[in-house]
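Worksheet for the structure shown next.
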Amino acid sequence: IISGVLQTYAIKTDGTLWSWGNGGGALGLGNITAYSSPMQVGALTNWSNLASGNQTVIAIKTDGTLWSWGGNVYGQLGLGNTTNYSSPKQVGAGTNWSKIANGLGHSLAIKTDGTLWTWGYNAQGQLGLGNTTNYSSPKQVGALTNWSNIVGGQYHSLAIKTDGTLWSWGWNYYGQLGLGNLTYYSSPKQVGALTNWSNIAAGYFHIIAIKTNGTLWSWGYNLNGQLGLGNNTYYSSPKQVGALTNWSNIAGGQHYTVAIAKV
């Protein structure tokens with residue numbers, strides 16, 4: 001199950017896709033109607049992964065194909081245009097898409113070969129392409145083949161490589177890139193020198209991460225205490241949340257964070 005800004009989506013164990021909430025075309029049902037109970041998106045049984053941003057959804061099927069629908073003002077659907085679509089459309093013809101993430105107007109994906117791809121809104125360099133140009137179709141970020149995990153914040157992005165290093169780029173007004181400064185970057189920058197990052201999640205302006213030792217870390221915007229540090233101080237570099245070493249899963253909302261610890 002994932003949630004968008006005003007919508008919720010779920011994939012059942014039979015591979016069917018369901019959505020409900022605000023309309024506007026982001027539900028993928030071929031209309032702009034709002035629904036207060038789950039509605040099946042088409043009749044297919046091969047959906048495997050979803051990511052949702054602001055009225056935008058991207059999804060992967062079990063055959064490795066990439067699909068998108070919803071709002072597309074910045075080209076964040078990756079379809080080579082800025083047309084909105086209220087039902088799923090295939091992005092290109094590739095069958096090797098592996099992981100996906102959405103920011104607020106930009107999209108990220110990793111292929112099975114470990115390459116990183118981005119598209120959509122890029123005014124703050126959040127696509128990691130070394131510029132601030134918007135793109136309406138996927139563009140490869142560098143030439144590396146060792147990307148393993150990605151997240152998108154409002155105007156920033158972060159990723160983990162297979163070597164356990166953490167990287168960030170884009171908007172950094174609140175220090176959400178974790179680089180110890182407030183400088184914006186339009187290409188990936190390594191966060192520290194550690195090689196034990198295992199999982200990351202993003203809120204609008206803050207980041208949460210887990211290391212391989214099970215510790216929990218956070219940084220960025222903290223006006224509502226979303227960093228879990230017992231204060232409202234902003235931090236531009238990772239800070240450990242408590243002393244537990246059994247954190248297993250994390251998620252970030254607009255101004256909140258949730259995490260699961262193993263019992």
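In the structure tokens, each chain is lettered A, B, ... as it comes, each chain's residues begin at 1, and ligands are numbered from 1 in order of appearance.
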
Determine, using only C-alpha atoms, which residues of region 132-161 of chain A have any atom at most 7 Å from an atom of region 170-178 of chain A, and tabulate each with its shortest atom pair and distance in Å to one decimal place, rows ordered by chain and then rising number, as a Markdown table.
| residue | atom | partner | partner_atom | distance |
| --- | --- | --- | --- | --- |
| A:Tyr155 | CA | A:Trp171 | CA | 5.4 |
| A:His156 | CA | A:Gly170 | CA | 4.3 |
| A:Ser157 | CA | A:Gly170 | CA | 6.3 |

Test item, strand (DSSP E or B) assignment across region 69-255 of chain A, answer as a PyMOL selection string: chain A and resi 69-70+85-90+97-102+106-111+116-120+135-140+147-152+156-161+166-170+185-190+197-202+206-211+216-220+235-240+247-252

Contact residues around Gly253 (chain A) with only C-alpha atoms at 8 Å, ignoring same-chain residues under 2 positions, as JSON, numbers by chain: {"A": [202, 203, 204, 251, 255, 256, 257]}

Proximity to Asn146 (chain A) - best of A:Thr115, A:Leu44, A:Gly25, A:Gly105, only C-alpha atoms: A:Thr115

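Contact shell of Asn81 (chain A) at 8 Å (only C-alpha atoms; same-chain neighbours under 5 positions omitted): Asn72, Gly75, Ser136 and Ser137 of chain A.
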
Among listed residues A:Leu179, A:Leu104, A:Leu166, A:Val141, nearest Gly153 (chain A) (using only C-alpha atoms):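 The shortest atom-to-atom distance to Gly153 (chain A) comes from A:Leu104.
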
Within 6 Å of region 216-230 of chain A using only C-alpha atoms, minus same-chain residues under 4 positions, as a list in words: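 The filter keeps Tyr174, Gly175, Gln176, Phe205, His206, Ile207, Ile208, Ala209, Ile210, Tyr234, Tyr235, Ser236, Ser237, Pro238, Lys239, Gln240, Val241, Tyr256 and Thr257 of chain A.
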
Restricting it to N, CA, C and O atoms, dump the selection as a PDB file, in the first residue's frame.
ATOM      1  N   TYR A 174      16.897  23.397   3.724  1.00  0.00           N
ATOM      2  CA  TYR A 174      16.833  23.020   5.141  1.00  0.00           C
ATOM      3  C   TYR A 174      17.923  22.017   5.530  1.00  0.00           C
ATOM      4  O   TYR A 174      17.857  21.420   6.599  1.00  0.00           O
ATOM      5  N   GLY A 175      18.892  21.821   4.651  1.00  0.00           N
ATOM      6  CA  GLY A 175      19.951  20.869   4.937  1.00  0.00           C
ATOM      7  C   GLY A 175      19.552  19.434   4.693  1.00  0.00           C
ATOM      8  O   GLY A 175      20.221  18.503   5.164  1.00  0.00           O
ATOM      9  N   GLN A 176      18.477  19.222   3.935  1.00  0.00           N
ATOM     10  CA  GLN A 176      17.953  17.878   3.741  1.00  0.00           C
ATOM     11  C   GLN A 176      18.848  16.968   2.906  1.00  0.00           C
ATOM     12  O   GLN A 176      18.612  15.755   2.844  1.00  0.00           O
ATOM     13  N   PHE A 205      10.694  17.764   3.265  1.00  0.00           N
ATOM     14  CA  PHE A 205      11.955  18.471   3.471  1.00  0.00           C
ATOM     15  C   PHE A 205      12.892  17.749   4.430  1.00  0.00           C
ATOM     16  O   PHE A 205      13.852  18.323   4.902  1.00  0.00           O
ATOM     17  N   HIS A 206      12.605  16.507   4.769  1.00  0.00           N
ATOM     18  CA  HIS A 206      13.468  15.785   5.710  1.00  0.00           C
ATOM     19  C   HIS A 206      13.709  14.359   5.216  1.00  0.00           C
ATOM     20  O   HIS A 206      12.981  13.835   4.380  1.00  0.00           O
ATOM     21  N   ILE A 207      14.765  13.756   5.767  1.00  0.00           N
ATOM     22  CA  ILE A 207      15.185  12.422   5.377  1.00  0.00           C
ATOM     23  C   ILE A 207      15.322  11.543   6.618  1.00  0.00           C
ATOM     24  O   ILE A 207      15.751  11.999   7.673  1.00  0.00           O
ATOM     25  N   ILE A 208      14.969  10.263   6.458  1.00  0.00           N
ATOM     26  CA  ILE A 208      15.150   9.251   7.489  1.00  0.00           C
ATOM     27  C   ILE A 208      15.918   8.104   6.860  1.00  0.00           C
ATOM     28  O   ILE A 208      15.687   7.752   5.707  1.00  0.00           O
ATOM     29  N   ALA A 209      16.823   7.515   7.610  1.00  0.00           N
ATOM     30  CA  ALA A 209      17.625   6.428   7.058  1.00  0.00           C
ATOM     31  C   ALA A 209      17.958   5.398   8.122  1.00  0.00           C
ATOM     32  O   ALA A 209      18.013   5.705   9.316  1.00  0.00           O
ATOM     33  N   ILE A 210      18.171   4.168   7.673  1.00  0.00           N
ATOM     34  CA  ILE A 210      18.595   3.077   8.548  1.00  0.00           C
ATOM     35  C   ILE A 210      19.949   2.568   8.063  1.00  0.00           C
ATOM     36  O   ILE A 210      20.187   2.452   6.859  1.00  0.00           O
ATOM     37  N   TYR A 234      16.675  22.153  13.180  1.00  0.00           N
ATOM     38  CA  TYR A 234      17.008  21.636  11.859  1.00  0.00           C
ATOM     39  C   TYR A 234      18.457  21.131  11.876  1.00  0.00           C
ATOM     40  O   TYR A 234      19.321  21.729  12.516  1.00  0.00           O
ATOM     41  N   TYR A 235      18.735  20.059  11.137  1.00  0.00           N
ATOM     42  CA  TYR A 235      20.088  19.532  11.051  1.00  0.00           C
ATOM     43  C   TYR A 235      20.455  19.289   9.592  1.00  0.00           C
ATOM     44  O   TYR A 235      19.643  18.754   8.821  1.00  0.00           O
ATOM     45  N   SER A 236      21.667  19.675   9.211  1.00  0.00           N
ATOM     46  CA  SER A 236      22.121  19.516   7.824  1.00  0.00           C
ATOM     47  C   SER A 236      23.049  18.317   7.647  1.00  0.00           C
ATOM     48  O   SER A 236      23.637  18.140   6.578  1.00  0.00           O
ATOM     49  N   SER A 237      23.161  17.488   8.666  1.00  0.00           N
ATOM     50  CA  SER A 237      23.919  16.243   8.570  1.00  0.00           C
ATOM     51  C   SER A 237      23.196  15.197   9.418  1.00  0.00           C
ATOM     52  O   SER A 237      22.440  15.546  10.329  1.00  0.00           O
ATOM     53  N   PRO A 238      23.383  13.909   9.127  1.00  0.00           N
ATOM     54  CA  PRO A 238      22.648  12.852   9.835  1.00  0.00           C
ATOM     55  C   PRO A 238      22.868  12.857  11.339  1.00  0.00           C
ATOM     56  O   PRO A 238      23.999  12.997  11.816  1.00  0.00           O
ATOM     57  N   LYS A 239      21.753  12.685  12.070  1.00  0.00           N
ATOM     58  CA  LYS A 239      21.780  12.590  13.525  1.00  0.00           C
ATOM     59  C   LYS A 239      21.077  11.301  13.943  1.00  0.00           C
ATOM     60  O   LYS A 239      20.007  10.977  13.430  1.00  0.00           O
ATOM     61  N   GLN A 240      21.686  10.576  14.883  1.00  0.00           N
ATOM     62  CA  GLN A 240      21.088   9.318  15.299  1.00  0.00           C
ATOM     63  C   GLN A 240      19.862   9.558  16.166  1.00  0.00           C
ATOM     64  O   GLN A 240      19.861  10.406  17.067  1.00  0.00           O
ATOM     65  N   VAL A 241      18.813   8.789  15.906  1.00  0.00           N
ATOM     66  CA  VAL A 241      17.567   8.862  16.671  1.00  0.00           C
ATOM     67  C   VAL A 241      17.611   7.792  17.756  1.00  0.00           C
ATOM     68  O   VAL A 241      17.493   6.589  17.474  1.00  0.00           O
ATOM     69  N   TYR A 256       5.879  14.417   8.894  1.00  0.00           N
ATOM     70  CA  TYR A 256       5.908  13.386   9.943  1.00  0.00           C
ATOM     71  C   TYR A 256       6.728  12.194   9.469  1.00  0.00           C
ATOM     72  O   TYR A 256       7.066  12.069   8.305  1.00  0.00           O
ATOM     73  N   THR A 257       7.031  11.312  10.405  1.00  0.00           N
ATOM     74  CA  THR A 257       7.814  10.119  10.129  1.00  0.00           C
ATOM     75  C   THR A 257       7.235   8.942  10.876  1.00  0.00           C
ATOM     76  O   THR A 257       6.750   9.098  12.003  1.00  0.00           O
TER      77      THR A 257
END

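Nearest-residue note for Gly94 (chain A): choosing from A:Leu77, A:Ile60, A:Ala261, A:Leu108, the minimum distance belongs to A:Ile60, counting only C-alpha atoms.
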
Pick from A:Gly78, A:Gly152, A:Gly114, A:Gly53, whichever lies nearest to Asn134 (chain A) using only C-alpha atoms: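 Ranked by minimum distance to Asn134 (chain A), first place goes to A:Gly78.
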
Tell me which protein, DNA and RNA residues are within 12 Å of Ala143 (chain A), counting only C-alpha atoms, leaving out same-chain ones fewer than 4 positions away, and put them as a PDB file with N, CA and C atoms, in the first residue's frame.
ATOM      1  N   ASP A 113      20.073  -3.425 -14.420  1.00  0.00           N
ATOM      2  CA  ASP A 113      21.526  -3.354 -14.625  1.00  0.00           C
ATOM      3  C   ASP A 113      22.203  -2.379 -13.666  1.00  0.00           C
ATOM      4  N   GLY A 114      21.422  -1.813 -12.706  1.00  0.00           N
ATOM      5  CA  GLY A 114      21.981  -0.917 -11.704  1.00  0.00           C
ATOM      6  C   GLY A 114      22.140   0.517 -12.138  1.00  0.00           C
ATOM      7  N   THR A 115      21.678   0.866 -13.336  1.00  0.00           N
ATOM      8  CA  THR A 115      21.755   2.256 -13.789  1.00  0.00           C
ATOM      9  C   THR A 115      20.613   3.074 -13.185  1.00  0.00           C
ATOM     10  N   LEU A 116      20.856   4.374 -13.036  1.00  0.00           N
ATOM     11  CA  LEU A 116      19.896   5.302 -12.436  1.00  0.00           C
ATOM     12  C   LEU A 116      19.347   6.236 -13.495  1.00  0.00           C
ATOM     13  N   TRP A 117      18.016   6.446 -13.474  1.00  0.00           N
ATOM     14  CA  TRP A 117      17.336   7.275 -14.465  1.00  0.00           C
ATOM     15  C   TRP A 117      16.382   8.233 -13.774  1.00  0.00           C
ATOM     16  N   LEU A 129      21.324  15.566 -13.059  1.00  0.00           N
ATOM     17  CA  LEU A 129      21.914  15.526 -14.393  1.00  0.00           C
ATOM     18  C   LEU A 129      22.917  16.641 -14.644  1.00  0.00           C
ATOM     19  N   LYS A 139      16.188  10.037 -18.345  1.00  0.00           N
ATOM     20  CA  LYS A 139      17.569  10.353 -18.687  1.00  0.00           C
ATOM     21  C   LYS A 139      18.487   9.654 -17.680  1.00  0.00           C
ATOM     22  N   TRP A 147      23.728   1.465  -8.491  1.00  0.00           N
ATOM     23  CA  TRP A 147      22.677   2.087  -7.682  1.00  0.00           C
ATOM     24  C   TRP A 147      21.713   1.008  -7.190  1.00  0.00           C
TER      25      TRP A 147
END

Between CA of Gly192 (chain A) and CA of Ala243 (chain A) - distance in Å to one decimal: 20.2 Å

Considering only C-alpha atoms, return as an mmCIF file with all heavy atoms, in the first residue's frame whatever protein or nucleic-acid residues lie within 12 Å of Lys161 (chain A), sequence-local ones (same chain, fewer than 3 positions apart) excluded.
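Result written to around-v1.cif:
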data_model
loop_
_atom_site.group_PDB
_atom_site.id
_atom_site.type_symbol
_atom_site.label_atom_id
_atom_site.label_comp_id
_atom_site.auth_asym_id
_atom_site.auth_seq_id
_atom_site.Cartn_x
_atom_site.Cartn_y
_atom_site.Cartn_z
ATOM 1 N N ILE A 110 15.514 2.837 -11.086
ATOM 2 C CA ILE A 110 16.718 2.037 -11.258
ATOM 3 C C ILE A 110 16.361 0.842 -12.127
ATOM 4 O O ILE A 110 15.307 0.223 -11.947
ATOM 5 C CB ILE A 110 17.275 1.558 -9.904
ATOM 6 C CG1 ILE A 110 17.725 2.756 -9.054
ATOM 7 C CG2 ILE A 110 18.451 0.599 -10.104
ATOM 8 C CD1 ILE A 110 18.151 2.380 -7.646
ATOM 9 N N GLY A 114 21.422 -1.813 -12.706
ATOM 10 C CA GLY A 114 21.981 -0.917 -11.704
ATOM 11 C C GLY A 114 22.140 0.517 -12.138
ATOM 12 O O GLY A 114 22.685 1.339 -11.393
ATOM 13 N N THR A 115 21.678 0.866 -13.336
ATOM 14 C CA THR A 115 21.755 2.256 -13.789
ATOM 15 C C THR A 115 20.613 3.074 -13.185
ATOM 16 O O THR A 115 19.538 2.545 -12.881
ATOM 17 C CB THR A 115 21.708 2.355 -15.324
ATOM 18 O OG1 THR A 115 20.511 1.717 -15.808
ATOM 19 C CG2 THR A 115 22.922 1.686 -15.939
ATOM 20 N N LEU A 116 20.856 4.374 -13.036
ATOM 21 C CA LEU A 116 19.896 5.302 -12.436
ATOM 22 C C LEU A 116 19.347 6.236 -13.495
ATOM 23 O O LEU A 116 20.106 6.797 -14.290
ATOM 24 C CB LEU A 116 20.586 6.107 -11.330
ATOM 25 C CG LEU A 116 19.782 7.212 -10.649
ATOM 26 C CD1 LEU A 116 18.548 6.656 -9.956
ATOM 27 C CD2 LEU A 116 20.660 7.973 -9.661
ATOM 28 N N LEU A 144 27.251 5.017 -13.942
ATOM 29 C CA LEU A 144 27.462 3.964 -12.955
ATOM 30 C C LEU A 144 26.383 2.890 -13.011
ATOM 31 O O LEU A 144 25.237 3.160 -13.420
ATOM 32 C CB LEU A 144 27.537 4.572 -11.556
ATOM 33 C CG LEU A 144 28.685 5.560 -11.320
ATOM 34 C CD1 LEU A 144 28.626 6.124 -9.915
ATOM 35 C CD2 LEU A 144 30.036 4.881 -11.563
ATOM 36 N N THR A 145 26.742 1.705 -12.578
ATOM 37 C CA THR A 145 25.809 0.574 -12.607
ATOM 38 C C THR A 145 25.672 -0.070 -11.227
ATOM 39 O O THR A 145 25.410 -1.274 -11.111
ATOM 40 C CB THR A 145 26.297 -0.490 -13.609
ATOM 41 O OG1 THR A 145 27.614 -0.926 -13.219
ATOM 42 C CG2 THR A 145 26.346 0.071 -15.018
ATOM 43 N N ASN A 146 25.828 0.732 -10.170
ATOM 44 C CA ASN A 146 25.768 0.184 -8.818
ATOM 45 C C ASN A 146 24.779 0.903 -7.908
ATOM 46 O O ASN A 146 24.951 0.941 -6.694
ATOM 47 C CB ASN A 146 27.161 0.188 -8.180
ATOM 48 C CG ASN A 146 27.743 1.581 -8.031
ATOM 49 O OD1 ASN A 146 27.310 2.528 -8.671
ATOM 50 N ND2 ASN A 146 28.756 1.709 -7.172
ATOM 51 N N TRP A 147 23.728 1.465 -8.491
ATOM 52 C CA TRP A 147 22.677 2.087 -7.682
ATOM 53 C C TRP A 147 21.713 1.008 -7.190
ATOM 54 O O TRP A 147 21.359 0.098 -7.934
ATOM 55 C CB TRP A 147 21.923 3.134 -8.497
ATOM 56 C CG TRP A 147 22.805 4.249 -8.982
ATOM 57 C CD1 TRP A 147 23.339 4.399 -10.223
ATOM 58 C CD2 TRP A 147 23.259 5.373 -8.215
ATOM 59 N NE1 TRP A 147 24.097 5.552 -10.291
ATOM 60 C CE2 TRP A 147 24.068 6.173 -9.071
ATOM 61 C CE3 TRP A 147 23.070 5.792 -6.897
ATOM 62 C CZ2 TRP A 147 24.669 7.356 -8.646
ATOM 63 C CZ3 TRP A 147 23.677 6.967 -6.478
ATOM 64 C CH2 TRP A 147 24.458 7.734 -7.336
ATOM 65 N N SER A 148 21.276 1.134 -5.924
ATOM 66 C CA SER A 148 20.440 0.073 -5.358
ATOM 67 C C SER A 148 19.143 0.556 -4.728
ATOM 68 O O SER A 148 18.196 -0.223 -4.603
ATOM 69 C CB SER A 148 21.230 -0.720 -4.309
ATOM 70 O OG SER A 148 21.545 0.091 -3.185
ATOM 71 N N ASN A 149 19.068 1.828 -4.318
ATOM 72 C CA ASN A 149 17.861 2.324 -3.644
ATOM 73 C C ASN A 149 17.725 3.811 -3.896
ATOM 74 O O ASN A 149 18.740 4.520 -3.987
ATOM 75 C CB ASN A 149 17.945 2.044 -2.144
ATOM 76 C CG ASN A 149 16.597 2.094 -1.459
ATOM 77 O OD1 ASN A 149 15.573 2.361 -2.102
ATOM 78 N ND2 ASN A 149 16.572 1.847 -0.161
ATOM 79 N N ILE A 150 16.494 4.314 -4.017
ATOM 80 C CA ILE A 150 16.252 5.717 -4.338
ATOM 81 C C ILE A 150 15.041 6.245 -3.588
ATOM 82 O O ILE A 150 14.104 5.500 -3.281
ATOM 83 C CB ILE A 150 16.011 5.915 -5.857
ATOM 84 C CG1 ILE A 150 15.062 4.843 -6.391
ATOM 85 C CG2 ILE A 150 17.309 5.971 -6.619
ATOM 86 C CD1 ILE A 150 14.642 5.007 -7.818
ATOM 87 N N LEU A 158 17.699 11.323 -3.101
ATOM 88 C CA LEU A 158 18.789 10.593 -2.455
ATOM 89 C C LEU A 158 18.824 9.165 -2.973
ATOM 90 O O LEU A 158 17.805 8.635 -3.414
ATOM 91 C CB LEU A 158 18.633 10.581 -0.930
ATOM 92 C CG LEU A 158 18.896 11.920 -0.230
ATOM 93 C CD1 LEU A 158 17.611 12.677 -0.030
ATOM 94 C CD2 LEU A 158 19.606 11.701 1.101
ATOM 95 N N GLY A 164 26.930 0.534 -0.192
ATOM 96 C CA GLY A 164 26.449 1.076 1.070
ATOM 97 C C GLY A 164 26.675 2.557 1.259
ATOM 98 O O GLY A 164 26.365 3.102 2.323
ATOM 99 N N THR A 165 27.200 3.241 0.240
ATOM 100 C CA THR A 165 27.374 4.691 0.349
ATOM 101 C C THR A 165 26.058 5.410 0.051
ATOM 102 O O THR A 165 25.202 4.904 -0.689
ATOM 103 C CB THR A 165 28.467 5.199 -0.607
ATOM 104 O OG1 THR A 165 28.134 4.826 -1.958
ATOM 105 C CG2 THR A 165 29.819 4.613 -0.235
ATOM 106 N N LEU A 166 25.905 6.597 0.614
ATOM 107 C CA LEU A 166 24.692 7.397 0.481
ATOM 108 C C LEU A 166 24.994 8.660 -0.322
ATOM 109 O O LEU A 166 26.006 9.321 -0.079
ATOM 110 C CB LEU A 166 24.169 7.782 1.871
ATOM 111 C CG LEU A 166 22.933 8.667 1.950
ATOM 112 C CD1 LEU A 166 21.725 7.999 1.297
ATOM 113 C CD2 LEU A 166 22.628 9.014 3.406
ATOM 114 N N TRP A 167 24.097 9.009 -1.244
ATOM 115 C CA TRP A 167 24.295 10.140 -2.139
ATOM 116 C C TRP A 167 23.043 10.997 -2.186
ATOM 117 O O TRP A 167 21.921 10.499 -2.023
ATOM 118 C CB TRP A 167 24.653 9.632 -3.538
ATOM 119 C CG TRP A 167 25.913 8.826 -3.548
ATOM 120 C CD1 TRP A 167 26.077 7.547 -3.067
ATOM 121 C CD2 TRP A 167 27.208 9.244 -4.012
ATOM 122 N NE1 TRP A 167 27.381 7.143 -3.199
ATOM 123 C CE2 TRP A 167 28.098 8.159 -3.791
ATOM 124 C CE3 TRP A 167 27.685 10.417 -4.600
ATOM 125 C CZ2 TRP A 167 29.445 8.226 -4.127
ATOM 126 C CZ3 TRP A 167 29.030 10.469 -4.939
ATOM 127 C CH2 TRP A 167 29.890 9.397 -4.701
ATOM 128 N N SER A 168 23.218 12.325 -2.404
ATOM 129 C CA SER A 168 22.070 13.233 -2.436
ATOM 130 C C SER A 168 22.319 14.372 -3.416
ATOM 131 O O SER A 168 23.464 14.674 -3.759
ATOM 132 C CB SER A 168 21.809 13.803 -1.033
ATOM 133 O OG SER A 168 22.913 14.578 -0.573
ATOM 134 N N PRO A 188 24.873 14.115 -8.076
ATOM 135 C CA PRO A 188 25.004 13.397 -6.806
ATOM 136 C C PRO A 188 26.277 13.731 -6.034
ATOM 137 O O PRO A 188 27.368 13.793 -6.606
ATOM 138 C CB PRO A 188 24.994 11.928 -7.250
ATOM 139 C CG PRO A 188 24.227 11.931 -8.523
ATOM 140 C CD PRO A 188 24.625 13.209 -9.210
ATOM 141 N N GLN A 190 28.295 12.609 -2.297
ATOM 142 C CA GLN A 190 28.295 11.600 -1.246
ATOM 143 C C GLN A 190 28.072 12.220 0.126
ATOM 144 O O GLN A 190 28.668 13.245 0.471
ATOM 145 C CB GLN A 190 29.598 10.803 -1.244
ATOM 146 C CG GLN A 190 29.560 9.629 -0.276
ATOM 147 C CD GLN A 190 30.758 8.719 -0.386
ATOM 148 O OE1 GLN A 190 31.564 8.837 -1.307
ATOM 149 N NE2 GLN A 190 30.879 7.780 0.533
ATOM 150 N N VAL A 191 27.206 11.580 0.919
ATOM 151 C CA VAL A 191 26.916 12.019 2.281
ATOM 152 C C VAL A 191 27.890 11.312 3.216
ATOM 153 O O VAL A 191 27.746 10.114 3.502
ATOM 154 C CB VAL A 191 25.468 11.680 2.667
ATOM 155 C CG1 VAL A 191 25.172 12.152 4.090
ATOM 156 C CG2 VAL A 191 24.493 12.315 1.675
ATOM 157 N N LEU A 194 30.688 6.913 5.057
ATOM 158 C CA LEU A 194 30.272 5.604 5.553
ATOM 159 C C LEU A 194 29.761 4.701 4.438
ATOM 160 O O LEU A 194 29.259 5.171 3.415
ATOM 161 C CB LEU A 194 29.201 5.771 6.634
ATOM 162 C CG LEU A 194 29.640 6.543 7.886
ATOM 163 C CD1 LEU A 194 28.494 6.668 8.863
ATOM 164 C CD2 LEU A 194 30.834 5.849 8.545
ATOM 165 N N THR A 195 29.877 3.402 4.676
ATOM 166 C CA THR A 195 29.457 2.409 3.677
ATOM 167 C C THR A 195 28.453 1.421 4.269
ATOM 168 O O THR A 195 28.383 0.259 3.847
ATOM 169 C CB THR A 195 30.669 1.634 3.137
ATOM 170 O OG1 THR A 195 31.327 0.979 4.239
ATOM 171 C CG2 THR A 195 31.653 2.568 2.452
ATOM 172 N N ASN A 196 27.663 1.898 5.242
ATOM 173 C CA ASN A 196 26.718 0.985 5.898
ATOM 174 C C ASN A 196 25.280 1.494 5.894
ATOM 175 O O ASN A 196 24.489 1.148 6.767
ATOM 176 C CB ASN A 196 27.172 0.696 7.332
ATOM 177 C CG ASN A 196 27.218 1.954 8.202
ATOM 178 O OD1 ASN A 196 27.224 3.078 7.697
ATOM 179 N ND2 ASN A 196 27.260 1.766 9.513
ATOM 180 N N TRP A 197 24.927 2.297 4.894
ATOM 181 C CA TRP A 197 23.536 2.722 4.757
ATOM 182 C C TRP A 197 22.745 1.624 4.056
ATOM 183 O O TRP A 197 23.215 1.036 3.084
ATOM 184 C CB TRP A 197 23.449 4.021 3.963
ATOM 185 C CG TRP A 197 24.154 5.166 4.616
ATOM 186 C CD1 TRP A 197 25.394 5.657 4.321
ATOM 187 C CD2 TRP A 197 23.671 5.964 5.706
ATOM 188 N NE1 TRP A 197 25.711 6.719 5.139
ATOM 189 C CE2 TRP A 197 24.673 6.921 6.006
ATOM 190 C CE3 TRP A 197 22.492 5.964 6.452
ATOM 191 C CZ2 TRP A 197 24.509 7.866 7.015
ATOM 192 C CZ3 TRP A 197 22.335 6.900 7.460
ATOM 193 C CH2 TRP A 197 23.342 7.834 7.736
ATOM 194 N N SER A 198 21.529 1.349 4.546
ATOM 195 C CA SER A 198 20.762 0.247 3.970
ATOM 196 C C SER A 198 19.374 0.638 3.479
ATOM 197 O O SER A 198 18.841 -0.009 2.579
ATOM 198 C CB SER A 198 20.626 -0.889 4.990
ATOM 199 O OG SER A 198 19.868 -0.480 6.112
ATOM 200 N N ASN A 199 18.774 1.695 4.052
ATOM 201 C CA ASN A 199 17.416 2.070 3.664
ATOM 202 C C ASN A 199 17.216 3.558 3.877
ATOM 203 O O ASN A 199 17.762 4.130 4.831
ATOM 204 C CB ASN A 199 16.399 1.274 4.487
ATOM 205 C CG ASN A 199 15.007 1.330 3.911
ATOM 206 O OD1 ASN A 199 14.797 1.815 2.795
ATOM 207 N ND2 ASN A 199 14.034 0.835 4.647
ATOM 208 N N ILE A 200 16.447 4.194 3.007
ATOM 209 C CA ILE A 200 16.167 5.623 3.128
ATOM 210 C C ILE A 200 14.710 5.906 2.805
ATOM 211 O O ILE A 200 14.064 5.170 2.064
ATOM 212 C CB ILE A 200 17.065 6.470 2.190
ATOM 213 C CG1 ILE A 200 17.102 5.858 0.782
ATOM 214 C CG2 ILE A 200 18.450 6.658 2.759
ATOM 215 C CD1 ILE A 200 17.866 6.684 -0.222
#
